[in-house]
Every structure is written in C-alpha cells, then in structure tokens.
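Coordinates from final20.cif are shown below (mmCIF, C-alpha atoms; chains and numbers go by the auth columns).
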data_input
#
loop_
_atom_site.group_PDB
_atom_site.id
_atom_site.type_symbol
_atom_site.label_atom_id
_atom_site.label_comp_id
_atom_site.label_asym_id
_atom_site.label_seq_id
_atom_site.Cartn_x
_atom_site.Cartn_y
_atom_site.Cartn_z
_atom_site.B_iso_or_equiv
_atom_site.auth_seq_id
_atom_site.auth_asym_id
ATOM 1 C CA MET A 1 18.899 -8.392 -2.154 0.00 228 Y
ATOM 2 C CA SER A 2 16.549 -5.632 -1.058 0.00 229 Y
ATOM 3 C CA HIS A 3 17.465 -3.232 1.720 0.00 230 Y
ATOM 4 C CA TYR A 4 13.972 -3.754 3.174 0.00 231 Y
ATOM 5 C CA LYS A 5 12.130 -6.984 3.772 0.00 232 Y
ATOM 6 C CA TYR A 6 9.052 -5.233 2.363 0.00 233 Y
ATOM 7 C CA HIS A 7 8.870 -1.900 0.576 0.00 234 Y
ATOM 8 C CA VAL A 8 5.303 -0.703 0.021 0.00 235 Y
ATOM 9 C CA PHE A 9 4.428 2.026 -2.471 0.00 236 Y
ATOM 10 C CA PHE A 10 1.084 3.825 -2.262 0.00 237 Y
ATOM 11 C CA CYS A 11 0.032 5.590 -5.445 0.00 238 Y
ATOM 12 C CA THR A 12 -0.891 9.093 -4.287 0.00 239 Y
ATOM 13 C CA ASN A 13 -1.257 10.621 -7.738 0.00 240 Y
ATOM 14 C CA GLN A 14 -3.811 13.417 -8.184 0.00 241 Y
ATOM 15 C CA ARG A 15 -5.237 13.911 -11.679 0.00 242 Y
ATOM 16 C CA ASP A 16 -7.516 16.574 -13.078 0.00 243 Y
ATOM 17 C CA PRO A 17 -11.072 16.644 -11.695 0.00 244 Y
ATOM 18 C CA GLY A 18 -13.209 13.892 -13.207 0.00 245 Y
ATOM 19 C CA GLU A 19 -10.260 11.663 -14.119 0.00 246 Y
ATOM 20 C CA PRO A 20 -9.785 8.483 -12.064 0.00 247 Y
ATOM 21 C CA CYS A 21 -6.897 8.660 -9.624 0.00 248 Y
ATOM 22 C CA CYS A 22 -5.814 7.062 -6.385 0.00 249 Y
ATOM 23 C CA ASP A 23 -5.723 10.283 -4.397 0.00 250 Y
ATOM 24 C CA SER A 24 -9.464 10.812 -4.941 0.00 251 Y
ATOM 25 C CA HIS A 25 -9.856 7.615 -2.851 0.00 252 Y
ATOM 26 C CA GLY A 26 -7.921 8.980 0.121 0.00 253 Y
ATOM 27 C CA ALA A 27 -4.558 7.475 -0.833 0.00 254 Y
ATOM 28 C CA LYS A 28 -2.460 10.013 1.076 0.00 255 Y
ATOM 29 C CA GLU A 29 -4.415 9.413 4.261 0.00 256 Y
ATOM 30 C CA ALA A 30 -4.142 5.637 3.762 0.00 257 Y
ATOM 31 C CA ARG A 31 -0.382 5.926 3.286 0.00 258 Y
ATOM 32 C CA ASP A 32 -0.088 8.046 6.435 0.00 259 Y
ATOM 33 C CA TYR A 33 -2.142 5.489 8.354 0.00 260 Y
ATOM 34 C CA ALA A 34 0.073 2.617 7.153 0.00 261 Y
ATOM 35 C CA LYS A 35 3.214 4.532 8.148 0.00 262 Y
ATOM 36 C CA GLN A 36 1.790 5.081 11.627 0.00 263 Y
ATOM 37 C CA ARG A 37 0.888 1.397 11.944 0.00 264 Y
ATOM 38 C CA LEU A 38 4.431 0.316 11.075 0.00 265 Y
ATOM 39 C CA LYS A 39 5.878 2.899 13.451 0.00 266 Y
ATOM 40 C CA ALA A 40 3.640 1.580 16.239 0.00 267 Y
ATOM 41 C CA LEU A 41 4.879 -1.963 15.556 0.00 268 Y
ATOM 42 C CA GLY A 42 8.381 -0.819 16.409 0.00 269 Y
ATOM 43 C CA GLU A 43 11.107 -3.418 16.034 0.00 270 Y
ATOM 44 C CA ARG A 44 8.712 -5.925 14.399 0.00 271 Y
ATOM 45 C CA ALA A 45 8.522 -3.634 11.371 0.00 272 Y
ATOM 46 C CA ALA A 46 12.007 -2.102 11.423 0.00 273 Y
ATOM 47 C CA ASP A 47 12.857 -3.720 8.096 0.00 274 Y
ATOM 48 C CA MET A 48 9.698 -2.483 6.335 0.00 275 Y
ATOM 49 C CA ARG A 49 9.086 0.817 4.592 0.00 276 Y
ATOM 50 C CA ILE A 50 5.986 2.704 3.391 0.00 277 Y
ATOM 51 C CA ASN A 51 6.434 5.295 0.631 0.00 278 Y
ATOM 52 C CA ALA A 52 4.337 7.497 -1.604 0.00 279 Y
ATOM 53 C CA ALA A 53 4.576 6.989 -5.332 0.00 280 Y
ATOM 54 C CA GLY A 54 3.464 8.997 -8.294 0.00 281 Y
ATOM 55 C CA CYS A 55 1.186 7.394 -10.831 0.00 282 Y
ATOM 56 C CA LEU A 56 1.587 3.620 -10.962 0.00 283 Y
ATOM 57 C CA GLY A 57 -0.452 3.419 -14.170 0.00 284 Y
ATOM 58 C CA ARG A 58 -3.459 1.526 -12.810 0.00 285 Y
ATOM 59 C CA CYS A 59 -5.740 4.482 -12.097 0.00 286 Y
ATOM 60 C CA GLU A 60 -8.945 2.734 -13.125 0.00 287 Y
ATOM 61 C CA LEU A 61 -8.313 0.060 -10.454 0.00 288 Y
ATOM 62 C CA GLY A 62 -7.432 2.533 -7.693 0.00 289 Y
ATOM 63 C CA PRO A 63 -6.539 3.047 -5.098 0.00 290 Y
ATOM 64 C CA VAL A 64 -3.503 0.811 -5.527 0.00 291 Y
ATOM 65 C CA ILE A 65 -0.370 -0.192 -3.672 0.00 292 Y
ATOM 66 C CA VAL A 66 2.466 -2.442 -4.692 0.00 293 Y
ATOM 67 C CA VAL A 67 4.564 -4.483 -2.275 0.00 294 Y
ATOM 68 C CA TYR A 68 8.168 -5.245 -3.168 0.00 295 Y
ATOM 69 C CA PRO A 69 10.293 -7.287 -3.532 0.00 296 Y
ATOM 70 C CA GLU A 70 7.531 -9.625 -4.812 0.00 297 Y
ATOM 71 C CA GLY A 71 5.705 -6.999 -6.855 0.00 298 Y
ATOM 72 C CA THR A 72 2.339 -7.851 -5.290 0.00 299 Y
ATOM 73 C CA TRP A 73 -0.396 -5.406 -6.334 0.00 300 Y
ATOM 74 C CA TYR A 74 -3.317 -4.609 -4.044 0.00 301 Y
ATOM 75 C CA THR A 75 -6.336 -2.378 -3.916 0.00 302 Y
ATOM 76 C CA TYR A 76 -8.004 -1.323 -0.661 0.00 303 Y
ATOM 77 C CA VAL A 77 -11.108 0.450 0.577 0.00 304 Y
ATOM 78 C CA ASP A 78 -10.476 1.382 4.194 0.00 305 Y
ATOM 79 C CA LYS A 79 -8.158 1.122 7.207 0.00 306 Y
ATOM 80 C CA GLU A 80 -9.321 -2.426 7.842 0.00 307 Y
ATOM 81 C CA ASP A 81 -7.980 -3.450 4.419 0.00 308 Y
ATOM 82 C CA ILE A 82 -4.660 -1.710 5.157 0.00 309 Y
ATOM 83 C CA ASP A 83 -4.522 -3.502 8.517 0.00 310 Y
ATOM 84 C CA GLU A 84 -5.144 -6.832 6.808 0.00 311 Y
ATOM 85 C CA ILE A 85 -2.343 -6.239 4.304 0.00 312 Y
ATOM 86 C CA ILE A 86 0.047 -5.283 7.111 0.00 313 Y
ATOM 87 C CA ASP A 87 -0.957 -8.121 9.429 0.00 314 Y
ATOM 88 C CA SER A 88 -1.260 -10.872 6.848 0.00 315 Y
ATOM 89 C CA HIS A 89 1.313 -10.005 4.179 0.00 316 Y
ATOM 90 C CA LEU A 90 3.946 -7.856 5.861 0.00 317 Y
ATOM 91 C CA LEU A 91 3.951 -9.539 9.251 0.00 318 Y
ATOM 92 C CA GLY A 92 2.661 -12.994 8.346 0.00 319 Y
ATOM 93 C CA GLY A 93 4.033 -13.490 4.842 0.00 320 Y
ATOM 94 C CA LYS A 94 0.605 -14.427 3.436 0.00 321 Y
ATOM 95 C CA VAL A 95 -0.883 -12.634 0.434 0.00 322 Y
ATOM 96 C CA VAL A 96 -4.356 -11.153 0.955 0.00 323 Y
ATOM 97 C CA LYS A 97 -6.038 -12.766 -2.037 0.00 324 Y
ATOM 98 C CA ARG A 98 -9.317 -10.844 -1.829 0.00 325 Y
ATOM 99 C CA LEU A 99 -7.473 -7.524 -2.322 0.00 326 Y
ATOM 100 C CA LEU A 100 -5.141 -8.641 -5.133 0.00 327 Y
ATOM 101 C CA LEU A 101 -5.106 -6.916 -8.488 0.00 328 Y
ATOM 102 C CA ASP A 102 -4.499 -8.946 -11.630 0.00 329 Y
#
Kindly return the structure encoded in the file as structure tokens.
Amino acid sequence: MSHYKYHVFFCTNQRDPGEPCCDSHGAKEARDYAKQRLKALGERAADMRINAAGCLGRCELGPVIVVYPEGTWYTYVDKEDIDEIIDSHLLGGKVVKRLLLD
C-alpha cells in the first residue's frame, strides 16, 4: 500500500542544447505550479505528493509526468492541462484521456 493516495513525478531533466527534454518545455515551472495547487487545496490533497524526477526516458514525448500508484503517464502543454489532471484524476479519480501517453 502506498504512503500517498497519489504520487506524481514531473520529469524535470535538462539535456544538452538541441536534445529533446522535458525541462525545455517548462517542466520545473509546471511542477512548482502543481505543488502550489495541491498546497492551496489543503486537507483535500493532504494525501497527495508532487515531486521532481530525473529523466523518465520518454524525452521525445515531453513534457511528461507519471502518476502512481497506477503508473498513469501524461503529457501537458500548460497550466490548464495541469489543472485538469489535478481536478479530474487526483481529486475525481478519472483519467484525463486526451493527455494520456501510450
């Protein structure tokens, strides 16, 4: 059993210039935004955690996050996508199909 209901890892890896990587898509800022959102939710999100990760090995699909314990992989473009993942998946228990990675 997981310590957290949901544990979300944001790839924040930075590669050499010209190589695809999540950080070139603003991954650190997206992670910081998600952390702030969960903090603002207070007790509703007390059993959820946002963390940075090194390379998750899917650079060409980036930016990417993975939600555990299910192992659900997402991509995102902006804060609205992050909000949708938080609201739908983390709070509502429904996968955001349009942002899923295969």
Q: Run the PyMOL selection byres ((chain Y and resi 267-279) around 9) on the file and write out the hits as a list in words.
A: His230, Tyr231, Lys232, Tyr233, His234, Val235, Phe236, Phe237, Cys238, Thr239, Asn240, Ala254, Lys255, Arg258, Asp259, Ala261, Lys262, Gln263, Arg264, Leu265, Lys266, Ala280, Gly281, Leu317 and Leu318 of chain Y
**Q.** the PyMOL selection byres ((chain Y and resi 305) around 12) applied to the shown file, residues as a list in words
**A.**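 After applying the PyMOL selection byres ((chain Y and resi 305) around 12), what remains is His252, Gly253, Ala254, Glu256, Ala257, Arg258, Tyr260, Ala261, Pro290, Val291, Thr302, Tyr303, Val304, Lys306, Glu307, Asp308, Ile309, Asp310, Glu311, Ile312 and Leu326 of chain Y.
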Q: Check the smallest atom-to-atom distance from each of Y:Arg242, Y:Leu328, Y:Lys321, Y:Cys248 to Cys286 (chain Y) using all atoms listed in the file, then report the winner.
A: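 Of the candidates, the smallest distance to Cys286 (chain Y) is held by Y:Cys248.
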Can you sort out the box for region 240-245 of chain Y, edges along x, y and z, all listed atoms in, 3 Å on every side, with centre and edge lengths in Å to one decimal, as AutoDock Vina command-line options?
--center_x -7.2 --center_y 13.6 --center_z -10.5 --size_x 18.0 --size_y 12.0 --size_z 11.5
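The two atoms in question, CA of Asp329 (chain Y) and CA of Trp300 (chain Y), are spaced 7.6 Å apart.
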